Each structure stands twice: as C-alpha cells, then as structure tokens.
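*Asks:* Below is the file final-v1.tsv, which contains TSV, C-alpha atoms and all ligand atoms.
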```tsv
chain	number	residue	atom	x	y	z
A	1	MET	CA	0.00	0.00	0.00
A	2	ARG	CA	1.00	3.64	-0.34
A	3	ALA	CA	1.82	5.37	2.95
A	4	LEU	CA	3.07	8.86	3.75
A	5	LEU	CA	6.12	8.40	5.97
A	6	LEU	CA	7.75	11.02	8.17
A	7	GLU	CA	11.45	10.17	7.83
A	8	ALA	CA	13.14	13.40	8.95
A	9	ALA	CA	12.27	16.60	10.82
A	10	GLY	CA	10.20	19.27	9.10
A	11	LEU	CA	7.62	19.15	6.33
A	12	GLY	CA	10.46	18.21	3.93
A	13	GLY	CA	10.80	14.92	5.85
A	14	LEU	CA	7.50	13.59	4.47
A	15	ARG	CA	7.87	10.95	1.77
A	16	MET	CA	5.30	8.84	-0.13
A	17	SER	CA	6.45	5.21	0.25
A	18	GLU	CA	5.35	1.62	-0.27
A	19	ARG	CA	4.54	-0.43	2.86
A	20	PRO	CA	3.16	-3.97	3.32
A	21	ASP	CA	-0.62	-4.08	3.81
A	22	PRO	CA	-1.46	-4.39	7.52
A	23	VAL	CA	-2.83	-7.71	8.81
A	24	PRO	CA	-5.42	-7.62	11.62
A	25	GLY	CA	-4.54	-9.42	14.86
A	26	ALA	CA	-7.16	-10.82	17.23
A	27	GLY	CA	-9.73	-8.15	18.03
A	28	GLU	CA	-8.42	-5.84	15.33
A	29	VAL	CA	-9.85	-4.36	12.14
A	30	VAL	CA	-8.15	-3.15	8.97
A	31	VAL	CA	-9.85	-0.09	7.50
A	32	ALA	CA	-9.30	0.82	3.83
A	33	LEU	CA	-9.29	4.60	4.02
A	34	ARG	CA	-11.47	6.66	1.73
A	35	ALA	CA	-10.50	9.94	3.39
A	36	ALA	CA	-8.23	11.21	6.16
A	37	ALA	CA	-7.85	14.68	7.69
A	38	LEU	CA	-4.99	16.75	9.04
A	39	ASN	CA	-4.65	18.20	12.51
A	40	HIS	CA	-2.22	20.70	13.95
A	41	ARG	CA	-0.78	17.69	15.78
A	42	ASP	CA	0.59	16.41	12.45
A	43	LEU	CA	2.54	19.67	12.05
A	44	TRP	CA	3.89	19.39	15.63
A	45	ALA	CA	4.96	15.79	14.83
A	46	CYS	CA	6.90	16.94	11.74
A	47	ARG	CA	8.68	19.63	13.76
A	48	GLY	CA	9.43	17.30	16.68
A	49	PHE	CA	10.84	14.31	14.72
A	50	LYS	CA	14.11	13.19	16.34
A	51	PRO	CA	17.01	12.01	14.11
A	52	GLY	CA	17.22	8.21	14.21
A	53	ALA	CA	13.58	7.77	15.25
A	54	ARG	CA	11.47	5.11	13.51
A	55	PRO	CA	9.77	6.60	10.42
A	56	ALA	CA	6.12	7.20	11.33
A	57	VAL	CA	2.85	7.11	9.45
A	58	LEU	CA	1.07	10.19	10.82
A	59	GLY	CA	-2.67	10.84	10.67
A	60	SER	CA	-5.26	10.61	13.45
A	61	ASP	CA	-8.43	11.14	11.43
A	62	GLY	CA	-9.88	8.66	9.00
A	63	ALA	CA	-13.04	7.20	7.51
A	64	GLY	CA	-13.33	4.27	5.14
A	65	VAL	CA	-14.58	0.74	4.74
A	66	VAL	CA	-13.69	-2.40	6.69
A	67	ALA	CA	-11.18	-4.37	4.58
A	68	SER	CA	-10.65	-7.33	6.94
A	69	VAL	CA	-11.22	-8.32	10.56
A	70	GLY	CA	-9.13	-10.36	12.99
A	71	ALA	CA	-10.10	-13.35	15.11
A	72	GLY	CA	-12.94	-12.64	17.53
A	73	VAL	CA	-14.43	-9.73	15.61
A	74	THR	CA	-17.92	-11.02	14.84
A	75	ASP	CA	-20.03	-7.85	14.84
A	76	LEU	CA	-18.50	-6.00	11.89
A	77	SER	CA	-18.68	-6.99	8.22
A	78	VAL	CA	-16.16	-6.41	5.48
A	79	GLY	CA	-17.37	-3.37	3.49
A	80	ALA	CA	-19.02	-1.64	6.50
A	81	GLU	CA	-18.60	2.16	6.34
A	82	VAL	CA	-16.77	3.35	9.43
A	83	VAL	CA	-15.04	6.21	11.17
A	84	ILE	CA	-12.10	5.75	13.54
A	85	ASN	CA	-11.76	6.99	17.15
A	86	PRO	CA	-8.10	8.09	17.41
A	87	SER	CA	-7.93	7.87	21.25
A	88	LEU	CA	-6.05	4.66	21.95
A	89	HIS	CA	-6.08	2.78	25.28
A	90	TRP	CA	-8.50	5.10	27.14
A	91	PRO	CA	-11.25	3.04	28.79
A	92	ALA	CA	-14.74	4.52	28.33
A	93	HIS	CA	-15.89	6.95	31.03
A	94	GLN	CA	-12.58	7.08	32.92
A	95	PRO	CA	-11.95	10.79	33.60
A	96	PHE	CA	-8.44	10.49	32.19
A	97	PRO	CA	-6.37	7.64	30.74
A	98	GLY	CA	-3.28	5.91	32.10
A	99	PRO	CA	0.31	6.16	30.80
A	100	GLU	CA	-0.49	3.68	28.00
A	101	PHE	CA	-2.67	6.37	26.32
A	102	GLN	CA	-1.70	7.20	22.73
A	103	ILE	CA	-3.17	9.10	19.82
A	104	LEU	CA	-3.41	7.27	16.51
A	105	GLY	CA	-0.79	8.55	14.07
A	106	GLY	CA	2.57	8.42	15.84
A	107	PRO	CA	4.03	6.36	17.35
A	108	THR	CA	1.20	4.00	16.26
A	109	ASP	CA	0.89	4.05	12.46
A	110	GLY	CA	-1.99	6.31	11.48
A	111	THR	CA	-4.37	7.17	8.68
A	112	PHE	CA	-2.06	8.77	6.10
A	113	ALA	CA	-1.88	5.41	4.31
A	114	GLU	CA	-4.23	3.42	2.14
A	115	GLN	CA	-4.98	1.08	5.08
A	116	VAL	CA	-4.74	1.28	8.86
A	117	VAL	CA	-5.11	-1.39	11.55
A	118	VAL	CA	-6.93	-0.47	14.78
A	119	SER	CA	-8.68	-2.21	17.64
A	120	ARG	CA	-12.34	-3.11	17.03
A	121	ARG	CA	-13.13	-0.82	19.99
A	122	ASN	CA	-11.94	2.19	17.95
A	123	VAL	CA	-14.21	1.56	14.97
A	124	PHE	CA	-17.64	3.23	14.84
A	125	ALA	CA	-20.36	3.31	12.17
A	126	LYS	CA	-19.98	6.34	9.90
A	127	PRO	CA	-22.85	8.83	10.38
A	128	THR	CA	-25.12	8.14	7.40
A	129	HIS	CA	-25.69	11.83	6.57
A	130	LEU	CA	-21.96	12.39	5.99
A	131	GLY	CA	-19.78	11.44	3.04
A	132	PHE	CA	-16.33	9.96	3.71
A	133	GLU	CA	-14.56	13.32	3.47
A	134	GLU	CA	-16.87	14.94	6.02
A	135	ALA	CA	-16.74	11.91	8.30
A	136	ALA	CA	-12.92	11.94	8.19
A	137	ALA	CA	-12.98	15.58	9.28
A	138	LEU	CA	-14.74	14.71	12.54
A	139	PRO	CA	-12.78	12.38	14.81
A	140	LEU	CA	-9.97	14.22	16.58
A	141	SER	CA	-11.48	17.71	16.38
A	142	ALA	CA	-15.06	16.89	17.29
A	143	LEU	CA	-13.99	14.43	20.01
A	144	THR	CA	-11.70	17.05	21.58
A	145	ALA	CA	-14.43	19.68	21.26
A	146	TRP	CA	-17.04	17.40	22.86
A	147	HIS	CA	-14.80	16.43	25.79
A	148	ALA	CA	-13.75	20.06	26.37
A	149	LEU	CA	-17.26	21.53	26.11
A	150	VAL	CA	-19.41	18.82	27.64
A	151	THR	CA	-17.41	16.36	29.76
A	152	VAL	CA	-14.93	18.84	31.27
A	153	GLY	CA	-16.60	22.21	30.57
A	154	ARG	CA	-20.14	21.10	31.61
A	155	LEU	CA	-21.65	23.56	29.13
A	156	ALA	CA	-25.36	24.13	29.78
A	157	PRO	CA	-27.96	25.46	27.32
A	158	GLY	CA	-28.29	29.24	27.62
A	159	GLU	CA	-24.72	29.74	28.85
A	160	THR	CA	-22.27	31.86	26.87
A	161	VAL	CA	-19.16	30.13	25.54
A	162	LEU	CA	-16.17	31.93	24.07
A	163	VAL	CA	-14.13	30.12	21.38
A	164	PRO	CA	-10.86	31.88	20.42
A	165	GLY	CA	-9.13	31.02	17.12
A	166	ALA	CA	-12.32	29.61	15.66
A	167	GLY	CA	-11.02	29.34	12.09
A	168	GLY	CA	-9.05	26.27	13.22
A	169	GLY	CA	-10.44	22.74	12.87
A	170	THR	CA	-11.06	21.94	16.54
A	171	ALA	CA	-12.29	25.40	17.55
A	172	ASN	CA	-14.58	25.31	14.53
A	173	ALA	CA	-16.09	22.06	15.86
A	174	CYS	CA	-16.50	23.76	19.26
A	175	VAL	CA	-18.57	26.52	17.65
A	176	GLN	CA	-20.90	24.08	15.88
A	177	ILE	CA	-21.36	21.71	18.81
A	178	ALA	CA	-21.83	24.49	21.38
A	179	HIS	CA	-24.44	26.17	19.20
A	180	ALA	CA	-26.31	22.89	18.72
A	181	LEU	CA	-26.20	22.36	22.51
A	182	GLY	CA	-28.18	25.59	22.90
A	183	ALA	CA	-25.35	27.79	24.15
A	184	ARG	CA	-24.69	31.33	23.00
A	185	VAL	CA	-21.40	31.27	21.09
A	186	ILE	CA	-18.89	34.12	20.82
A	187	ALA	CA	-15.95	33.28	18.57
A	188	THR	CA	-12.72	35.05	17.66
A	189	SER	CA	-10.53	34.88	14.57
A	190	ARG	CA	-7.68	36.96	13.17
A	191	ASP	CA	-9.27	37.00	9.75
A	192	PRO	CA	-12.30	39.24	8.95
A	193	SER	CA	-13.59	36.87	6.26
A	194	LYS	CA	-13.45	33.93	8.70
A	195	ARG	CA	-15.34	36.03	11.26
A	196	GLU	CA	-18.13	36.44	8.72
A	197	ARG	CA	-18.24	32.69	8.00
A	198	LEU	CA	-18.37	31.84	11.72
A	199	ALA	CA	-21.86	33.32	11.95
A	200	ALA	CA	-23.10	30.63	9.55
A	201	LEU	CA	-21.73	27.94	11.89
A	202	GLY	CA	-23.62	29.35	14.86
A	203	ALA	CA	-21.47	32.10	16.36
A	204	GLY	CA	-23.75	34.95	17.48
A	205	LEU	CA	-20.76	37.29	17.58
A	206	ALA	CA	-17.30	37.02	16.02
A	207	LEU	CA	-14.48	39.24	17.32
A	208	ASP	CA	-10.88	39.94	16.34
A	209	SER	CA	-8.44	37.58	18.14
A	210	ALA	CA	-5.83	40.34	18.08
A	211	GLY	CA	-8.06	42.93	19.75
A	212	ALA	CA	-9.07	43.58	23.39
A	213	PHE	CA	-12.00	41.20	22.91
A	214	ALA	CA	-12.73	40.69	26.64
A	215	GLU	CA	-14.30	44.15	26.81
A	216	GLU	CA	-16.59	43.27	23.90
A	217	VAL	CA	-17.52	39.92	25.47
A	218	ARG	CA	-18.55	41.76	28.66
A	219	LYS	CA	-20.56	44.31	26.67
A	220	ALA	CA	-22.34	41.56	24.76
A	221	THR	CA	-23.24	39.68	27.96
A	222	GLY	CA	-24.56	42.64	29.96
A	223	GLY	CA	-21.27	42.87	31.89
A	224	ARG	CA	-21.39	39.23	33.07
A	225	GLY	CA	-18.79	37.59	30.81
A	226	ALA	CA	-18.65	34.06	29.38
A	227	GLU	CA	-19.46	31.12	31.65
A	228	LEU	CA	-17.13	28.91	29.60
A	229	VAL	CA	-14.04	29.63	27.48
A	230	VAL	CA	-12.42	26.85	25.42
A	231	GLU	CA	-8.82	27.90	24.75
A	232	SER	CA	-6.47	26.41	22.17
A	233	VAL	CA	-4.57	29.46	20.89
A	234	GLY	CA	-2.49	29.88	24.07
A	235	ARG	CA	-0.26	32.89	24.71
A	236	ALA	CA	-1.74	35.19	22.03
A	237	THR	CA	-5.29	35.10	23.46
A	238	PHE	CA	-4.93	33.71	27.00
A	239	GLU	CA	-5.00	37.02	28.88
A	240	GLN	CA	-8.11	38.24	27.04
A	241	SER	CA	-9.73	34.81	27.50
A	242	VAL	CA	-9.27	34.95	31.28
A	243	LYS	CA	-10.58	38.54	31.34
A	244	SER	CA	-13.67	37.36	29.42
A	245	LEU	CA	-14.68	34.88	32.14
A	246	ALA	CA	-17.85	35.38	34.16
A	247	ARG	CA	-17.89	35.09	37.94
A	248	GLY	CA	-17.59	31.32	38.57
A	249	GLY	CA	-16.53	30.83	34.93
A	250	ARG	CA	-14.57	27.82	33.64
A	251	LEU	CA	-11.62	28.12	31.28
A	252	VAL	CA	-10.88	24.80	29.55
A	253	VAL	CA	-7.46	24.66	27.86
A	254	TYR	CA	-6.78	21.98	25.23
A	255	GLY	CA	-4.07	23.64	23.13
A	256	SER	CA	-1.44	26.38	22.99
A	257	THR	CA	-0.71	26.96	19.29
A	258	SER	CA	0.83	30.43	19.72
A	259	GLY	CA	2.91	29.66	22.84
A	260	ASP	CA	2.89	27.57	26.02
A	261	THR	CA	3.79	30.04	28.73
A	262	VAL	CA	1.25	32.59	29.92
A	263	GLN	CA	0.73	35.01	32.80
A	264	LEU	CA	-2.22	34.80	35.17
A	265	ASP	CA	-3.33	37.69	37.36
A	266	LEU	CA	-4.30	35.69	40.47
A	267	VAL	CA	-6.39	38.25	42.39
A	268	PRO	CA	-9.30	38.65	39.94
A	269	PHE	CA	-9.08	34.88	39.31
A	270	PHE	CA	-9.71	33.79	42.89
A	271	LEU	CA	-12.01	36.72	43.69
A	272	GLY	CA	-14.04	35.60	40.65
A	273	TRP	CA	-14.37	31.95	41.81
A	274	GLN	CA	-12.99	30.92	38.43
A	275	SER	CA	-11.31	27.68	37.40
A	276	ILE	CA	-8.86	26.50	34.74
A	277	LEU	CA	-9.20	22.92	33.55
A	278	GLY	CA	-6.99	20.90	31.20
A	279	SER	CA	-8.50	18.67	28.55
A	280	THR	CA	-7.07	16.34	25.91
A	281	MET	CA	-8.99	14.25	23.38
A	282	GLY	CA	-11.78	12.10	24.94
A	283	HIS	CA	-12.73	8.51	25.78
A	284	ALA	CA	-14.80	6.01	23.83
A	285	GLY	CA	-17.97	7.13	25.65
A	286	ASP	CA	-17.30	10.70	24.49
A	287	PHE	CA	-16.71	9.50	20.95
A	288	ALA	CA	-19.99	7.54	20.87
A	289	ALA	CA	-21.89	10.49	22.37
A	290	MET	CA	-20.30	12.92	19.89
A	291	ILE	CA	-21.15	10.73	16.88
A	292	ALA	CA	-24.76	10.33	18.10
A	293	PHE	CA	-25.04	14.10	18.66
A	294	VAL	CA	-23.60	14.94	15.23
A	295	SER	CA	-26.05	12.50	13.63
A	296	ARG	CA	-29.06	13.75	15.63
A	297	HIS	CA	-28.36	17.39	14.74
A	298	GLY	CA	-27.22	16.69	11.16
A	299	LEU	CA	-23.96	18.59	11.80
A	300	ARG	CA	-21.45	18.83	8.96
A	301	PRO	CA	-17.82	19.72	9.77
A	302	ALA	CA	-16.49	22.69	7.82
A	303	ILE	CA	-14.02	21.49	5.17
A	304	ASP	CA	-11.55	24.05	3.94
A	305	ARG	CA	-9.98	22.03	1.15
A	306	VAL	CA	-9.67	18.47	-0.10
A	307	PHE	CA	-6.32	17.29	-1.50
A	308	ALA	CA	-5.69	13.98	-3.28
A	309	PHE	CA	-3.63	11.65	-1.05
A	310	SER	CA	-0.77	11.90	-3.55
A	311	GLU	CA	-0.66	15.67	-2.78
A	312	ALA	CA	-0.41	15.15	0.99
A	313	PRO	CA	2.78	17.26	1.42
A	314	ALA	CA	0.96	20.22	-0.17
A	315	ALA	CA	-1.90	19.70	2.29
A	316	PHE	CA	0.59	19.93	5.18
A	317	ALA	CA	2.03	23.18	3.74
A	318	HIS	CA	-1.52	24.56	3.40
A	319	LEU	CA	-2.32	23.84	7.08
A	320	ASP	CA	1.02	25.30	8.12
A	321	ARG	CA	0.07	28.63	6.52
A	322	GLY	CA	-2.89	28.89	8.97
A	323	ILE	CA	-5.24	30.24	6.32
A	324	GLN	CA	-7.73	27.39	6.51
A	325	PHE	CA	-11.32	27.61	7.70
A	326	GLY	CA	-12.13	24.21	9.17
A	327	LYS	CA	-10.48	20.97	8.15
A	328	VAL	CA	-7.92	20.04	5.51
A	329	VAL	CA	-8.80	16.62	4.08
A	330	LEU	CA	-6.98	13.95	2.03
A	331	ALA	CA	-9.06	11.87	-0.39
A	332	PHE	CA	-7.94	8.35	-1.41
B	1	LIG	N1	-5.34	18.47	23.62
B	1	LIG	C1	-5.97	17.92	22.59
B	1	LIG	O1	-6.56	16.87	22.67
B	1	LIG	C2	-5.97	18.66	21.30
B	1	LIG	C3	-6.80	18.24	20.26
B	1	LIG	C4	-6.86	19.01	19.10
B	1	LIG	C5	-6.04	20.12	18.98
B	1	LIG	N2	-5.20	20.44	20.01
B	1	LIG	C6	-4.36	21.64	19.90
B	1	LIG	O2	-5.24	22.73	19.67
B	1	LIG	C7	-4.62	23.63	18.75
B	1	LIG	C8	-5.51	23.78	17.53
B	1	LIG	O3	-5.49	22.56	16.80
B	1	LIG	P1	-6.20	22.44	15.38
B	1	LIG	O4	-5.79	21.13	14.79
B	1	LIG	O5	-7.63	22.80	15.51
B	1	LIG	O6	-5.37	23.61	14.64
B	1	LIG	P2	-5.57	24.44	13.33
B	1	LIG	O7	-6.70	23.87	12.51
B	1	LIG	O8	-4.22	24.58	12.73
B	1	LIG	O9	-6.07	25.87	13.90
B	1	LIG	C9	-5.30	26.72	14.66
B	1	LIG	C10	-6.02	28.08	14.72
B	1	LIG	O10	-5.51	28.81	15.83
B	1	LIG	C11	-5.57	30.19	15.55
B	1	LIG	N3	-4.23	30.77	15.77
B	1	LIG	C12	-3.04	30.20	15.50
B	1	LIG	N4	-2.03	31.04	15.84
B	1	LIG	C13	-2.61	32.16	16.34
B	1	LIG	C14	-2.12	33.38	16.87
B	1	LIG	N5	-0.81	33.64	16.94
B	1	LIG	N6	-3.02	34.30	17.29
B	1	LIG	C15	-4.34	34.07	17.23
B	1	LIG	N7	-4.87	32.92	16.73
B	1	LIG	C16	-4.02	31.99	16.30
B	1	LIG	C17	-5.98	30.36	14.10
B	1	LIG	O11	-7.35	30.73	14.06
B	1	LIG	P3	-7.88	31.86	13.03
B	1	LIG	O12	-7.45	31.39	11.70
B	1	LIG	O13	-9.34	31.85	13.22
B	1	LIG	O14	-7.24	33.16	13.44
B	1	LIG	C18	-5.75	28.97	13.51
B	1	LIG	O15	-6.59	28.68	12.44
B	1	LIG	C19	-3.24	23.06	18.44
B	1	LIG	O16	-2.32	23.66	19.32
B	1	LIG	C20	-3.39	21.58	18.74
B	1	LIG	O17	-2.18	20.97	19.09
B	1	LIG	C21	-5.15	19.74	21.15
```
Would you write out, as structure tokens, the structure that this file holds?
Ligand SMILES: NC(=O)c1ccc[n+]([C@@H]2O[C@H](COP(=O)([O-])OP(=O)(O)OC[C@H]3O[C@@H](n4cnc5c(N)ncnc54)[C@H](OP(=O)(O)O)[C@@H]3O)[C@@H](O)[C@H]2O)c1

*Replies:*
Amino acid sequence: MRALLLEAAGLGGLRMSERPDPVPGAGEVVVALRAAALNHRDLWACRGFKPGARPAVLGSDGAGVVASVGAGVTDLSVGAEVVINPSLHWPAHQPFPGPEFQILGGPTDGTFAEQVVVSRRNVFAKPTHLGFEEAAALPLSALTAWHALVTVGRLAPGETVLVPGAGGGTANACVQIAHALGARVIATSRDPSKRERLAALGAGLALDSAGAFAEEVRKATGGRGAELVVESVGRATFEQSVKSLARGGRLVVYGSTSGDTVQLDLVPFFLGWQSILGSTMGHAGDFAAMIAFVSRHGLRPAIDRVFAFSEAPAAFAHLDRGIQFGKVVLAF
C-alpha cells in the first residue's frame, strides 16, 4: 500500500512510500481509508521528529470501509462504512487515561496510508448523513471539542461560551457543537472573512483575536462575561480569554498553538471563583456520544480544502500557513 512516511524533521521529511498491507490481529480491524484529515498535531509531529527515530505514518483522522477483521471480531462486516476513534487505550468513562494512552498517528501508524489497523473498539459506524470526506474531518477535532465543552466544561444550554481562534479545525467544531447544545457562542478569529463565516456555523458574535476582545464579550453579555471559554490558541489570546470569564466561569485549555507560557493575574481569578481545567482528546464514551449528537443534529464539519492523497505534502504546507477555515482533508 501507499503510505506517507515522516522520515526526517520538518515538512520536507514527508515521503510517499510503499509499505506492506497491515494484517489484523485478534480483536483488530483493517480499514481501507477513503478519506483522512490533518490536525495541527501532524505539524507538531513533523517539527518534533528526532534524528534516528522510527519513520512514522502520521494521521489521526480517518473514515473508510472495513477491509478485513481479525479473530474474535464477529459484529462488523467487510465493506461496512466506518469512522475511527483516534484515542487509543483510554477506557470509556474514565476521567483520564493511564500512561499507555496514545493518539493514533505516531508512534502508532496512522491514517495517512491506504490502510490502517486499529482495535475493534476504535471503529464506529460512519454517520449516514456524511460522506467519507466529512466523516474523516470529525474524529480528533469533534472528540476534543465534545470532551472540552461537555465532559470537562459542563456547558449548559443558555450559557455563553467563548471560542478563540475559531477558524481552526477543533475550535470550529467547538462553535458548531456548542451552538447545537443551545449555548450562546462568541468566537474570535484573526481574519475578517473567517469572522463572517463563523456566523453561519452558529457564532452569534465574532471578534478579532488580536483585539481587546474581553471588553466586547462583557458588553455583549450585559457585563457578566462568558461562563465557559475553550482555549487552544495559548499565549496570544490567554490574557483576554481569562478577562472574558464570568464570575464562577470555567476556562478549559486543550491547546497552545501560539505559545505555552502565559501570565495569570491571580487576584481577579480567585475573587471571581474561576477555574482553569486541562482537557485532551476524549474517551470512547465521548466518541460515541459525539457521533450520536452529530447524527441527531445533522452537523457537517467545515471542510476548507480536499487534497488527493498523492498531494499530501501540499496539504501539510496549506495547514502550516494557517489560512484554513475548518479541516484540511486527504481523499484516497
Ligand atoms: N489536547 C488535545 O486533545 C488537542 C486536540 C486538538 C487540537 N489540540 C491543539 O489545539 C490547537 C488547535 O489545533 P487544530 O488542529 O484545531 O489547529 P488548526 O486547525 O491549525 O487551527 C489553529 C487556529 O488557531 C488560531 N491561531 C493560531 N495562531 C494564532 C495566533 N498567533 N493568534 C491568534 N490565533 C491563532 C488560528 O485561528 P484563526 O485562523 O481563526 O485566526 C488557527 O486557524 C493546536 O495547538 C493543537 O495541538 C489539542
């Protein structure tokens, strides 16, 4: 099969190669991919590749058809249309996983290949209202969004949620899911044209990420602020995000694209009864709940651009430019 291998650091270290087709072990399933999608994680992986490391097949998101099943898999037929949960070794409904936790796509070979082998537990029926490209755009982003908003953030209908950097794939999923949950959504983006498009996804207000947006969040909420903020931009927006919080507000952090280290003014934080919570990915129960929710509400992830699998390095370069709105997808 064709597989995109990361053999050296940087986007120049990606190489289309031939690999043996995977063979399913007991309890495993081989999925023939019809589409895969990129995440910022794939860019981090390219940058962080250590010389001498085993070449990796990246890719956490994928949808396709079951090509073969291993011993003991009796409830899934060859040809079934499926989507893959990329959270590996996280038992359902545990608040957080153990040290064996991994994300599909490095070190475990991922979805940037014609076939991938995963545990039966990670394979879910593809939502019937979505094509393969849309279904492939869901897993990592919508799972992370669901866990951050619902499981950790406890978002309730009628609350206001702030989503900074909402042109990105995961933040984009946060906007759609939060809106469908009945929350009032305020989003931010650096790009005026993305701010316009965010309204169509359910953002009642879209502000400039580079501005003093906390003041505008307060104005728009009658001075109260947002009950929940889901942060993934990090240093560039963190201060304004904290200032946007309501009394008793929750700030859930799941990423730090623009920088890891931030400053926190402690006095207004503790006098405001606020909390900061960390969140990463989600468990199988989250994945099942997210898929059911997406199906029930007929949600469609925003797709920025679809590249042929053979053009995967160009898709990486596109994501690296940060100009996308929603997900960058590879079609097989
Ligand atoms: N912990 C987890 O489980 C988990 C899961 C998914 C993602 N993440 C992390 O979350 C982050 C987003 O991931 P993604 O795949 O959704 O990324 P993405 O699609 O590349 O989106 C990143 C977005 O962040 C915004 N942004 C980037 N740099 C910025 C800056 N300097 N100032 C203001 N905004 C900036 C941009 O939004 P605009 O274009 O709208 O300005 C950009 O589109 C990454 O750091 C990723 O590692 C973590």

*Asks:* At a cut-off of 7 Å, using only C-alpha atoms, what residues contact A:Ser209? Leave out same-chain residues fewer than 2 positions from it and give the result as a PyMOL selection string.

*Replies:* chain A and resi 164-165+188-190+207+211+213+237

*Asks:* Find the residues near ligand LIG 1 (chain B). Use a cut-off of 8 Å, count all atoms listed in the file, and write them as a count of residues only.

*Replies:* 50

*Asks:* Restricting the calculation to all atoms listed in the file: of A:Asp260, A:Asp75, A:Glu114, A:Asp208, which residue gets closest to A:Leu4?

*Replies:* A:Glu114

*Asks:* For stretch 281-288 of chain A, I'd like the enclosing box, axis-aligned and padded by 6 Å on every side, reported as lines of an AutoDock Vina configuration file with centre and edge lengths in Å to one decimal.

*Replies:*
```
center_x = -14.5
center_y = 10.1
center_z = 23.3
size_x = 23.0
size_y = 20.2
size_z = 16.9
```

*Asks:* Compare A:Ala9, A:Val161, A:Val267, A:Ala37 by their minimum atom-to-atom distance to A:Pro55, counting all atoms listed in the file, and give me the closest one.

*Replies:*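 Of all the options, A:Ala9 lies closest to A:Pro55.
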
*Asks:* Rounded to one decimal in Å, what is the spacing between atom CA of A:Ser17 and atom CA of A:Ala3?

*Replies:* 5.4 Å

*Asks:* Pick out the closest residue to A:Pro91 from this set: A:Val230, A:Val242, A:Ala284, A:Leu277. Count all atoms listed in the file.

*Replies:*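 Nearest to A:Pro91: A:Ala284.
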